[in-house]
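Asker: This is the structure I have questions about; it appears just below.
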Number of protein chains: 2
Amino acid sequence: MKLTPQEAMALAIEEGKKGSGFVSPNPLVGCVILSRDYHFLAKGYHERVGDAHAEINALKAVHDPALLVGAHVFVTLEPCAHKGRTGSCARHLATLPIASVTYGIEDPNPLVSGQGARILREAGKQVQLLGEMQSELEELAEIFLLNMRQRRPFVSLKIASSLDGQVALADGTSQWITGSAARKQVQLLRGYHDAVLTGLGTIQKDNPRLNSRDLRFINKKQKLVILDPSGSLQFRDRPLLQVRSPEDILWITGVDVTDARDGVVARFVPMNDDKFDLSAVLALLMKAGIFSVMIEAGPFTASTFLSSHLVDRLYLFMAPSLIGAGQSWTSGLTIPRLDQALRLRDFRCVSCDEDILATGRLLWS
Amino acid sequence: MKLTPQEAMALAIEEGKKGSGFVSPNPLVGCVILSRDYHFLAKGYHERVGDAHAEINALKAVHDPALLVGAHVFVTLEPCAHKGRTGSCARHLATLPIASVTYGIEDPNPLVSGQGARILREAGKQVQLLGEMQSELEELAEIFLLNMRQRRPFVSLKIASSLDGQVALADGTSQWITGSAARKQVQLLRGYHDAVLTGLGTIQKDNPRLNSRDLRFINKKQKLVILDPSGSLQFRDRPLLQVRSPEDILWITGVDVTDARDGVVARFVPMNDDKFDLSAVLALLMKAGIFSVMIEAGPFTASTFLSSHLVDRLYLFMAPSLIGAGQSWTSGLTIPRLDQALRLRDFRCVSCDEDILATGRLLWS
């Protein structure tokens, strides 16, 4: 089957997604190899941090090396020039009889950007940036790109609301607003992130586990971040600790708690006006090896992150229901003028059985 | 091209929709005729009240009467038995050499239901109810079916909100939350209904025209219903009256206004606790020949209709934006328990350029 460059790149993007949840702190990358006359030969993706890059996995899938003569490689991100854990992909590709390499995004590190392309060009390969499908390509690598550009973890906010924007009745009742398909999707999203972040209130109210029960992630170290201003959380008998080890809990307290509690060590972050300095919280997470975090918390925490311009993607599950005067998830957010409303980019809506999932990027310049 | 019964009925439904806005108080009906070996022959729909029914229009489109021998007729609603303005379709079909008639929904009038089918059966035709696609078929004829079953106008509620359920900032600013594609869709919806209903507050705040500027409806008599508790609306210089005649305004007042104002006659409906008796309002509209009405009003009116269980369909346009603590469109609605949240049936979400339109039926038993 003959593929156009756009079709090859779209397939490479789909391929790259398969690594979701396993490549941190690397980017998700997919690769497709076409024969000299543009027939599909092979595909591959970066499966797990420390393992082979996408290009290498795609090359492994070519059953006859002779087919590589004059072949065309499509990869979502510029092939790496540096020799990291797995060797330089650009140098390896340079040794092969392939004709061309087309990549989707330049290496975001300005110090090495373009070097992979240069190595390949010097080896006589035709090298080009695709120059299309930028939003899909950026989305695939969004965690990595934000890590590079902003030097902080990527923050997703997950909300389950009614169609009229309520997450609970006025009295706080909230289980369950969305249905089982939406909750299953949340299990996946938890696995896709390095950690879930919640607040003391949510733990006290819902007593949740906040881990992914999706089989794909059953053996993954799942970390949980808890914002506990008063340092008053008691872990004993909480399901939180029954599904993960104490060292996988990042217990952020606004007061200095010196002794570990039920094996969990507190990490003190100073507060201003009853609110955590969220930039300091995120810096602490990055240092602890958390490159992406999904917030699952109440309206106060959600609104505080939004007001601080520290949410990068919204995952809004909406049930086809109306709740009326309840608790709105953005009740703590104030917008002075309508043209300053927070806007989602690359917004899309997909169905989740009876519910819908609306998602988009929040860009802060 | 050969069609299955389901494909023929789906095509008939699409055909029926083309009459939207022009058939009141009749139902939207579509018809598809297949040859004896199930190849597509013709289609037609009920185009305008008083004109030919769907079956007759489809028959007119069959270029050679000989093709009708053994043909199969698919019609979304049971062919009419009675001789109204246009003669009985069942009796006409009975005289033709067709083999079968498949219909989607029985005539909702229990006094005549099944009579069209009986006439055809007695003429030796094979007659059957499709027994599938009930939600699509019911939706096509939803206005008519509700008129028959509940003896009141069909009520749609149109809302333009942010993703977090706000229709305005706290200070009331609301223009424009959604984009031009959504507003264009609203122009169509206005034309599809017999009238738009609004409240005094919306007129005072936005000074709107509330008519359809879509070319299809430019020559349609567009009626406007205004709920004015205090009877204080001054029409002079309002764009409302520049785009329609005084007799097309149904000015519902909570006090008895004896003299016409700027040519507009007041219609008094008593109020309870500062609220109109909405059943009385709807009864008045039905008497005035309004069989469907779309509410475009503020949170108070929207919430009052919802609380009274008098909304049949929601058209919720949502912009990919977050407004925070503003005005919620259901602020006047109170739900005592989560399992009593209002649920939308046959819910779906379609994209409207950058915005989305979420729609579904509210069923009250």
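In the structure tokens, chains take letters A, B, ... by order of appearance, with residues numbered from 1 within each chain and ligands from 1 in the order shown.
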With a cut-off of 6 Å and counting only C-alpha atoms, select all residues of chain A in contact with chain B and give the selection as a ChimeraX atom specification.

Answerer: /A:164-165,320-325,330-331,333-335,341-344

Asker: Which polymer residues have any atom within 12 Å of an atom of Ala302 (chain B), counting only C-alpha atoms, with same-chain residues fewer than 2 positions away left out, as an mmCIF file with all heavy atoms, in the first residue's frame?

Answerer:
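As written to disk, selection_8.cif reads:
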data_model
loop_
_atom_site.group_PDB
_atom_site.id
_atom_site.type_symbol
_atom_site.label_atom_id
_atom_site.label_comp_id
_atom_site.auth_asym_id
_atom_site.auth_seq_id
_atom_site.Cartn_x
_atom_site.Cartn_y
_atom_site.Cartn_z
ATOM 1 N N GLY A 324 -28.093 22.073 38.383
ATOM 2 C CA GLY A 324 -28.594 23.339 38.917
ATOM 3 C C GLY A 324 -27.622 23.982 39.876
ATOM 4 O O GLY A 324 -26.402 23.944 39.666
ATOM 5 N N VAL B 155 -41.277 22.624 23.656
ATOM 6 C CA VAL B 155 -40.428 23.701 24.176
ATOM 7 C C VAL B 155 -38.950 23.321 24.059
ATOM 8 O O VAL B 155 -38.510 22.320 24.626
ATOM 9 C CB VAL B 155 -40.767 24.006 25.652
ATOM 10 C CG1 VAL B 155 -39.861 25.119 26.188
ATOM 11 C CG2 VAL B 155 -42.234 24.404 25.797
ATOM 12 N N SER B 156 -38.191 24.118 23.299
ATOM 13 C CA SER B 156 -36.738 23.953 23.230
ATOM 14 C C SER B 156 -36.097 25.061 24.050
ATOM 15 O O SER B 156 -36.633 26.170 24.127
ATOM 16 C CB SER B 156 -36.246 24.069 21.782
ATOM 17 O OG SER B 156 -36.810 23.058 20.984
ATOM 18 N N LEU B 157 -34.974 24.731 24.652
ATOM 19 C CA LEU B 157 -34.218 25.735 25.408
ATOM 20 C C LEU B 157 -32.857 25.869 24.768
ATOM 21 O O LEU B 157 -32.120 24.891 24.663
ATOM 22 C CB LEU B 157 -34.079 25.290 26.872
ATOM 23 C CG LEU B 157 -33.143 26.114 27.763
ATOM 24 C CD1 LEU B 157 -33.614 27.556 27.885
ATOM 25 C CD2 LEU B 157 -33.028 25.472 29.157
ATOM 26 N N LYS B 158 -32.546 27.078 24.302
ATOM 27 C CA LYS B 158 -31.229 27.332 23.702
ATOM 28 C C LYS B 158 -30.378 28.113 24.699
ATOM 29 O O LYS B 158 -30.822 29.128 25.253
ATOM 30 C CB LYS B 158 -31.390 28.141 22.418
ATOM 31 C CG LYS B 158 -30.067 28.593 21.810
ATOM 32 C CD LYS B 158 -29.973 30.092 21.724
ATOM 33 C CE LYS B 158 -28.633 30.609 22.161
ATOM 34 N NZ LYS B 158 -28.564 32.083 22.118
ATOM 35 N N ILE B 159 -29.166 27.607 24.897
ATOM 36 C CA ILE B 159 -28.231 28.248 25.827
ATOM 37 C C ILE B 159 -26.875 28.378 25.129
ATOM 38 O O ILE B 159 -26.486 27.479 24.384
ATOM 39 C CB ILE B 159 -28.061 27.377 27.098
ATOM 40 C CG1 ILE B 159 -29.383 27.218 27.855
ATOM 41 C CG2 ILE B 159 -26.965 27.924 28.012
ATOM 42 C CD1 ILE B 159 -29.865 28.447 28.575
ATOM 43 N N ALA B 160 -26.188 29.468 25.350
ATOM 44 C CA ALA B 160 -24.798 29.612 24.900
ATOM 45 C C ALA B 160 -23.958 29.830 26.144
ATOM 46 O O ALA B 160 -24.080 30.866 26.800
ATOM 47 C CB ALA B 160 -24.635 30.785 23.938
ATOM 48 N N VAL B 167 -23.103 31.657 31.573
ATOM 49 C CA VAL B 167 -23.658 32.364 30.423
ATOM 50 C C VAL B 167 -23.295 33.847 30.450
ATOM 51 O O VAL B 167 -23.598 34.583 29.506
ATOM 52 C CB VAL B 167 -25.190 32.205 30.332
ATOM 53 C CG1 VAL B 167 -25.538 30.761 29.982
ATOM 54 C CG2 VAL B 167 -25.875 32.595 31.643
ATOM 55 N N LEU B 197 -39.150 32.566 22.457
ATOM 56 C CA LEU B 197 -39.679 33.120 23.707
ATOM 57 C C LEU B 197 -38.545 33.750 24.501
ATOM 58 O O LEU B 197 -37.462 33.163 24.634
ATOM 59 C CB LEU B 197 -40.344 32.018 24.529
ATOM 60 C CG LEU B 197 -40.962 32.412 25.882
ATOM 61 C CD1 LEU B 197 -42.165 31.505 26.193
ATOM 62 C CD2 LEU B 197 -39.975 32.353 27.043
ATOM 63 N N THR B 198 -38.780 34.927 25.017
ATOM 64 C CA THR B 198 -37.750 35.574 25.836
ATOM 65 C C THR B 198 -38.393 36.294 27.020
ATOM 66 O O THR B 198 -39.620 36.302 27.161
ATOM 67 C CB THR B 198 -36.884 36.526 24.988
ATOM 68 O OG1 THR B 198 -35.712 36.868 25.734
ATOM 69 C CG2 THR B 198 -37.634 37.803 24.636
ATOM 70 N N GLY B 199 -37.551 36.870 27.862
ATOM 71 C CA GLY B 199 -38.046 37.593 29.028
ATOM 72 C C GLY B 199 -37.701 39.068 28.938
ATOM 73 O O GLY B 199 -36.844 39.473 28.138
ATOM 74 N N THR B 202 -33.889 40.027 29.213
ATOM 75 C CA THR B 202 -33.034 39.848 28.036
ATOM 76 C C THR B 202 -33.220 41.013 27.066
ATOM 77 O O THR B 202 -32.255 41.504 26.472
ATOM 78 C CB THR B 202 -33.360 38.504 27.354
ATOM 79 O OG1 THR B 202 -33.070 37.456 28.277
ATOM 80 C CG2 THR B 202 -32.545 38.302 26.096
ATOM 81 N N LEU B 227 -42.180 37.365 27.971
ATOM 82 C CA LEU B 227 -42.723 37.274 29.332
ATOM 83 C C LEU B 227 -42.367 38.570 30.062
ATOM 84 O O LEU B 227 -41.192 38.859 30.300
ATOM 85 C CB LEU B 227 -42.132 36.068 30.069
ATOM 86 C CG LEU B 227 -42.414 34.689 29.467
ATOM 87 C CD1 LEU B 227 -41.873 33.591 30.384
ATOM 88 C CD2 LEU B 227 -43.907 34.478 29.223
ATOM 89 N N LEU B 278 -46.583 28.704 33.914
ATOM 90 C CA LEU B 278 -46.067 28.419 32.570
ATOM 91 C C LEU B 278 -46.984 27.496 31.779
ATOM 92 O O LEU B 278 -47.017 27.558 30.548
ATOM 93 C CB LEU B 278 -44.649 27.850 32.659
ATOM 94 C CG LEU B 278 -43.610 28.841 33.208
ATOM 95 C CD1 LEU B 278 -42.234 28.194 33.272
ATOM 96 C CD2 LEU B 278 -43.551 30.110 32.367
ATOM 97 N N MET B 294 -38.907 28.215 21.036
ATOM 98 C CA MET B 294 -37.540 28.090 21.539
ATOM 99 C C MET B 294 -37.270 29.236 22.507
ATOM 100 O O MET B 294 -37.408 30.405 22.160
ATOM 101 C CB MET B 294 -36.521 28.114 20.405
ATOM 102 C CG MET B 294 -35.093 27.925 20.937
ATOM 103 S SD MET B 294 -33.899 27.511 19.659
ATOM 104 C CE MET B 294 -33.661 29.111 18.890
ATOM 105 N N ILE B 295 -36.853 28.853 23.718
ATOM 106 C CA ILE B 295 -36.544 29.850 24.741
ATOM 107 C C ILE B 295 -35.137 30.393 24.525
ATOM 108 O O ILE B 295 -34.179 29.629 24.426
ATOM 109 C CB ILE B 295 -36.622 29.223 26.154
ATOM 110 C CG1 ILE B 295 -38.007 28.623 26.395
ATOM 111 C CG2 ILE B 295 -36.277 30.247 27.234
ATOM 112 C CD1 ILE B 295 -38.086 27.761 27.653
ATOM 113 N N GLU B 296 -35.047 31.700 24.428
ATOM 114 C CA GLU B 296 -33.736 32.375 24.431
ATOM 115 C C GLU B 296 -33.848 33.474 25.461
ATOM 116 O O GLU B 296 -34.345 34.562 25.170
ATOM 117 C CB GLU B 296 -33.433 32.974 23.070
ATOM 118 C CG GLU B 296 -33.177 31.946 22.004
ATOM 119 C CD GLU B 296 -32.569 32.586 20.757
ATOM 120 O OE1 GLU B 296 -31.385 32.961 20.785
ATOM 121 O OE2 GLU B 296 -33.297 32.717 19.761
ATOM 122 N N ALA B 297 -33.433 33.162 26.661
ATOM 123 C CA ALA B 297 -33.671 34.078 27.764
ATOM 124 C C ALA B 297 -32.574 33.928 28.799
ATOM 125 O O ALA B 297 -31.620 33.172 28.605
ATOM 126 C CB ALA B 297 -35.036 33.791 28.369
ATOM 127 N N GLY B 298 -32.712 34.614 29.889
ATOM 128 C CA GLY B 298 -31.705 34.579 30.940
ATOM 129 C C GLY B 298 -31.887 33.390 31.866
ATOM 130 O O GLY B 298 -32.807 32.587 31.717
ATOM 131 N N PRO B 299 -30.966 33.265 32.845
ATOM 132 C CA PRO B 299 -30.999 32.134 33.778
ATOM 133 C C PRO B 299 -32.323 31.988 34.519
ATOM 134 O O PRO B 299 -32.758 30.867 34.766
ATOM 135 C CB PRO B 299 -29.861 32.461 34.761
ATOM 136 C CG PRO B 299 -28.920 33.319 34.000
ATOM 137 C CD PRO B 299 -29.778 34.126 33.071
ATOM 138 N N PHE B 300 -32.994 33.091 34.839
ATOM 139 C CA PHE B 300 -34.230 32.992 35.608
ATOM 140 C C PHE B 300 -35.308 32.252 34.805
ATOM 141 O O PHE B 300 -35.894 31.275 35.277
ATOM 142 C CB PHE B 300 -34.726 34.390 36.018
ATOM 143 C CG PHE B 300 -36.028 34.353 36.769
ATOM 144 C CD1 PHE B 300 -36.056 34.050 38.125
ATOM 145 C CD2 PHE B 300 -37.246 34.597 36.122
ATOM 146 C CE1 PHE B 300 -37.258 33.993 38.827
ATOM 147 C CE2 PHE B 300 -38.442 34.541 36.810
ATOM 148 C CZ PHE B 300 -38.449 34.237 38.161
ATOM 149 N N THR B 304 -36.714 28.487 35.460
ATOM 150 C CA THR B 304 -38.127 28.329 35.790
ATOM 151 C C THR B 304 -38.780 27.277 34.887
ATOM 152 O O THR B 304 -39.528 26.418 35.355
ATOM 153 C CB THR B 304 -38.873 29.677 35.660
ATOM 154 O OG1 THR B 304 -38.118 30.675 36.326
ATOM 155 C CG2 THR B 304 -40.252 29.595 36.278
ATOM 156 N N PHE B 305 -38.474 27.318 33.594
ATOM 157 C CA PHE B 305 -39.025 26.298 32.693
ATOM 158 C C PHE B 305 -38.494 24.908 33.065
ATOM 159 O O PHE B 305 -39.250 23.940 33.086
ATOM 160 C CB PHE B 305 -38.688 26.623 31.231
ATOM 161 C CG PHE B 305 -39.737 27.463 30.545
ATOM 162 C CD1 PHE B 305 -39.645 28.846 30.547
ATOM 163 C CD2 PHE B 305 -40.829 26.880 29.906
ATOM 164 C CE1 PHE B 305 -40.610 29.634 29.927
ATOM 165 C CE2 PHE B 305 -41.800 27.657 29.282
ATOM 166 C CZ PHE B 305 -41.690 29.043 29.293
ATOM 167 N N LEU B 306 -37.193 24.815 33.382
ATOM 168 C CA LEU B 306 -36.630 23.516 33.762
ATOM 169 C C LEU B 306 -37.269 23.002 35.051
ATOM 170 O O LEU B 306 -37.659 21.835 35.143
ATOM 171 C CB LEU B 306 -35.106 23.627 33.945
ATOM 172 C CG LEU B 306 -34.269 23.714 32.676
ATOM 173 C CD1 LEU B 306 -32.832 24.106 33.004
ATOM 174 C CD2 LEU B 306 -34.287 22.383 31.903
ATOM 175 N N SER B 307 -37.397 23.886 36.029
ATOM 176 C CA SER B 307 -37.988 23.477 37.310
ATOM 177 C C SER B 307 -39.442 23.059 37.139
ATOM 178 O O SER B 307 -39.944 22.225 37.898
ATOM 179 C CB SER B 307 -37.920 24.631 38.318
ATOM 180 O OG SER B 307 -36.593 25.032 38.529
ATOM 181 N N SER B 308 -40.123 23.642 36.150
ATOM 182 C CA SER B 308 -41.526 23.291 35.901
ATOM 183 C C SER B 308 -41.649 22.046 35.022
ATOM 184 O O SER B 308 -42.769 21.683 34.629
ATOM 185 C CB SER B 308 -42.240 24.456 35.208
ATOM 186 O OG SER B 308 -42.061 25.649 35.924
ATOM 187 N N HIS B 309 -40.510 21.436 34.656
ATOM 188 C CA HIS B 309 -40.513 20.251 33.769
ATOM 189 C C HIS B 309 -41.196 20.570 32.450
ATOM 190 O O HIS B 309 -41.961 19.765 31.921
ATOM 191 C CB HIS B 309 -41.213 19.064 34.460
ATOM 192 C CG HIS B 309 -40.471 18.574 35.667
ATOM 193 N ND1 HIS B 309 -40.813 17.431 36.351
ATOM 194 C CD2 HIS B 309 -39.376 19.061 36.287
ATOM 195 C CE1 HIS B 309 -39.976 17.263 37.370
ATOM 196 N NE2 HIS B 309 -39.105 18.235 37.348
ATOM 197 N N LEU B 310 -40.899 21.760 31.935
ATOM 198 C CA LEU B 310 -41.534 22.171 30.679
ATOM 199 C C LEU B 310 -40.502 22.497 29.599
ATOM 200 O O LEU B 310 -40.721 23.357 28.750
ATOM 201 C CB LEU B 310 -42.477 23.366 30.923
ATOM 202 C CG LEU B 310 -43.778 23.014 31.667
ATOM 203 C CD1 LEU B 310 -44.561 24.270 32.034
ATOM 204 C CD2 LEU B 310 -44.646 22.077 30.823
ATOM 205 N N VAL B 311 -39.370 21.793 29.633
ATOM 206 C CA VAL B 311 -38.406 21.891 28.532
ATOM 207 C C VAL B 311 -38.318 20.509 27.906
ATOM 208 O O VAL B 311 -38.148 19.515 28.617
ATOM 209 C CB VAL B 311 -37.011 22.340 29.022
ATOM 210 C CG1 VAL B 311 -35.996 22.294 27.883
ATOM 211 C CG2 VAL B 311 -37.082 23.736 29.622
ATOM 212 N N LEU B 314 -32.952 20.438 24.839
ATOM 213 C CA LEU B 314 -31.914 21.432 25.134
ATOM 214 C C LEU B 314 -30.989 21.554 23.928
ATOM 215 O O LEU B 314 -30.560 20.546 23.369
ATOM 216 C CB LEU B 314 -31.108 20.977 26.357
ATOM 217 C CG LEU B 314 -29.885 21.826 26.728
ATOM 218 C CD1 LEU B 314 -30.296 23.211 27.211
ATOM 219 C CD2 LEU B 314 -29.051 21.130 27.809
ATOM 220 N N TYR B 315 -30.728 22.786 23.515
ATOM 221 C CA TYR B 315 -29.676 23.079 22.530
ATOM 222 C C TYR B 315 -28.619 23.887 23.270
ATOM 223 O O TYR B 315 -28.801 25.091 23.494
ATOM 224 C CB TYR B 315 -30.221 23.896 21.359
ATOM 225 C CG TYR B 315 -31.162 23.143 20.443
ATOM 226 C CD1 TYR B 315 -32.535 23.364 20.479
ATOM 227 C CD2 TYR B 315 -30.681 22.213 19.531
ATOM 228 C CE1 TYR B 315 -33.401 22.681 19.636
ATOM 229 C CE2 TYR B 315 -31.536 21.523 18.679
ATOM 230 C CZ TYR B 315 -32.894 21.764 18.736
ATOM 231 O OH TYR B 315 -33.735 21.086 17.893
ATOM 232 N N LEU B 316 -27.551 23.218 23.677
ATOM 233 C CA LEU B 316 -26.526 23.883 24.487
ATOM 234 C C LEU B 316 -25.273 24.105 23.641
ATOM 235 O O LEU B 316 -24.563 23.156 23.311
ATOM 236 C CB LEU B 316 -26.205 23.018 25.709
ATOM 237 C CG LEU B 316 -25.061 23.478 26.606
ATOM 238 C CD1 LEU B 316 -25.317 24.858 27.184
ATOM 239 C CD2 LEU B 316 -24.835 22.475 27.740
ATOM 240 N N SER B 328 -24.497 31.253 36.149
ATOM 241 C CA SER B 328 -24.796 29.929 35.633
ATOM 242 C C SER B 328 -26.230 29.917 35.114
ATOM 243 O O SER B 328 -27.108 30.542 35.694
ATOM 244 C CB SER B 328 -24.621 28.915 36.763
ATOM 245 O OG SER B 328 -25.353 27.752 36.489
ATOM 246 N N TRP B 329 -26.464 29.193 34.002
ATOM 247 C CA TRP B 329 -27.805 29.225 33.406
ATOM 248 C C TRP B 329 -28.818 28.405 34.176
ATOM 249 O O TRP B 329 -30.009 28.492 33.910
ATOM 250 C CB TRP B 329 -27.776 28.832 31.933
ATOM 251 C CG TRP B 329 -27.187 27.483 31.609
ATOM 252 C CD1 TRP B 329 -25.867 27.178 31.499
ATOM 253 C CD2 TRP B 329 -27.892 26.280 31.319
ATOM 254 N NE1 TRP B 329 -25.706 25.861 31.167
ATOM 255 C CE2 TRP B 329 -26.935 25.279 31.040
ATOM 256 C CE3 TRP B 329 -29.241 25.936 31.243
ATOM 257 C CZ2 TRP B 329 -27.278 23.970 30.711
ATOM 258 C CZ3 TRP B 329 -29.591 24.638 30.918
ATOM 259 C CH2 TRP B 329 -28.611 23.671 30.661
ATOM 260 N N THR B 330 -28.366 27.581 35.121
ATOM 261 C CA THR B 330 -29.313 26.803 35.915
ATOM 262 C C THR B 330 -29.299 27.234 37.377
ATOM 263 O O THR B 330 -29.673 26.471 38.259
ATOM 264 C CB THR B 330 -28.977 25.300 35.844
ATOM 265 O OG1 THR B 330 -27.621 25.131 36.243
ATOM 266 C CG2 THR B 330 -29.191 24.721 34.469
ATOM 267 N N SER B 331 -28.872 28.462 37.618
ATOM 268 C CA SER B 331 -28.731 28.914 39.011
ATOM 269 C C SER B 331 -30.060 28.849 39.770
ATOM 270 O O SER B 331 -30.070 28.731 40.989
ATOM 271 C CB SER B 331 -28.156 30.328 39.053
ATOM 272 O OG SER B 331 -28.898 31.170 38.192
ATOM 273 N N GLY B 332 -31.177 28.906 39.049
ATOM 274 C CA GLY B 332 -32.469 28.884 39.736
ATOM 275 C C GLY B 332 -33.058 27.486 39.868
ATOM 276 O O GLY B 332 -34.207 27.323 40.273
ATOM 277 N N LEU B 333 -32.264 26.477 39.489
ATOM 278 C CA LEU B 333 -32.750 25.091 39.539
ATOM 279 C C LEU B 333 -32.143 24.398 40.754
ATOM 280 O O LEU B 333 -30.938 24.490 40.984
ATOM 281 C CB LEU B 333 -32.320 24.365 38.257
ATOM 282 C CG LEU B 333 -32.589 22.869 38.147
ATOM 283 C CD1 LEU B 333 -34.089 22.600 37.968
ATOM 284 C CD2 LEU B 333 -31.818 22.283 36.968
#

Asker: Using DSSP on the backbone, list every residue of region 128-317 of chain A that comes out as helix (DSSP H, G or I), and give them as a PyMOL selection string.

Answerer: chain A and resi 134-140+142-150+180-192+200-206+215-217+239-242+246-248+278-287+299-307

Asker: From a DSSP calculation on the backbone, collect every residue of region 219-350 of chain A in strand (DSSP E) and output the set as a ChimeraX atom specification.

Answerer: /A:223-228,249-253,266-268,271-272,275-276,292-295,313-318,321-322,327-328,342-350

Asker: Do you know which residues are at most 12 Å from region 111-114 of chain A counting only C-alpha atoms, after dropping those on the same chain fewer than 3 positions away, and could you put them as a PyMOL selection string?

Answerer: chain A and resi 77-83+90+103+105-108+117-121+127-129+148

Asker: Return the single residue from B:His63, B:Ala123, B:Gly16, B:Arg152 that is closest to Glu138 (chain B), with distances computed using only C-alpha atoms.

Answerer: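 So, comparing all the options, the nearest one is B:Gly16.
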
Asker: State, in Å with one decimal place, the distance from CA of Cys89 (chain A) to CA of Leu189 (chain A).

Answerer: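 Rounded to one decimal, the two atoms are 29.6 Å apart.
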
Asker: Compile the contact shell of Ala260 (chain A) as a list in words: residues with an atom at most 12 Å away, counting only C-alpha atoms, same-chain residues fewer than 6 positions apart removed.

Answerer: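 Those residues are Gly231, Leu233, Gln234, Phe235, Pro246, Glu247, Ile249, Leu250, Trp251, Thr253, Ala266 and Arg267 of chain A.
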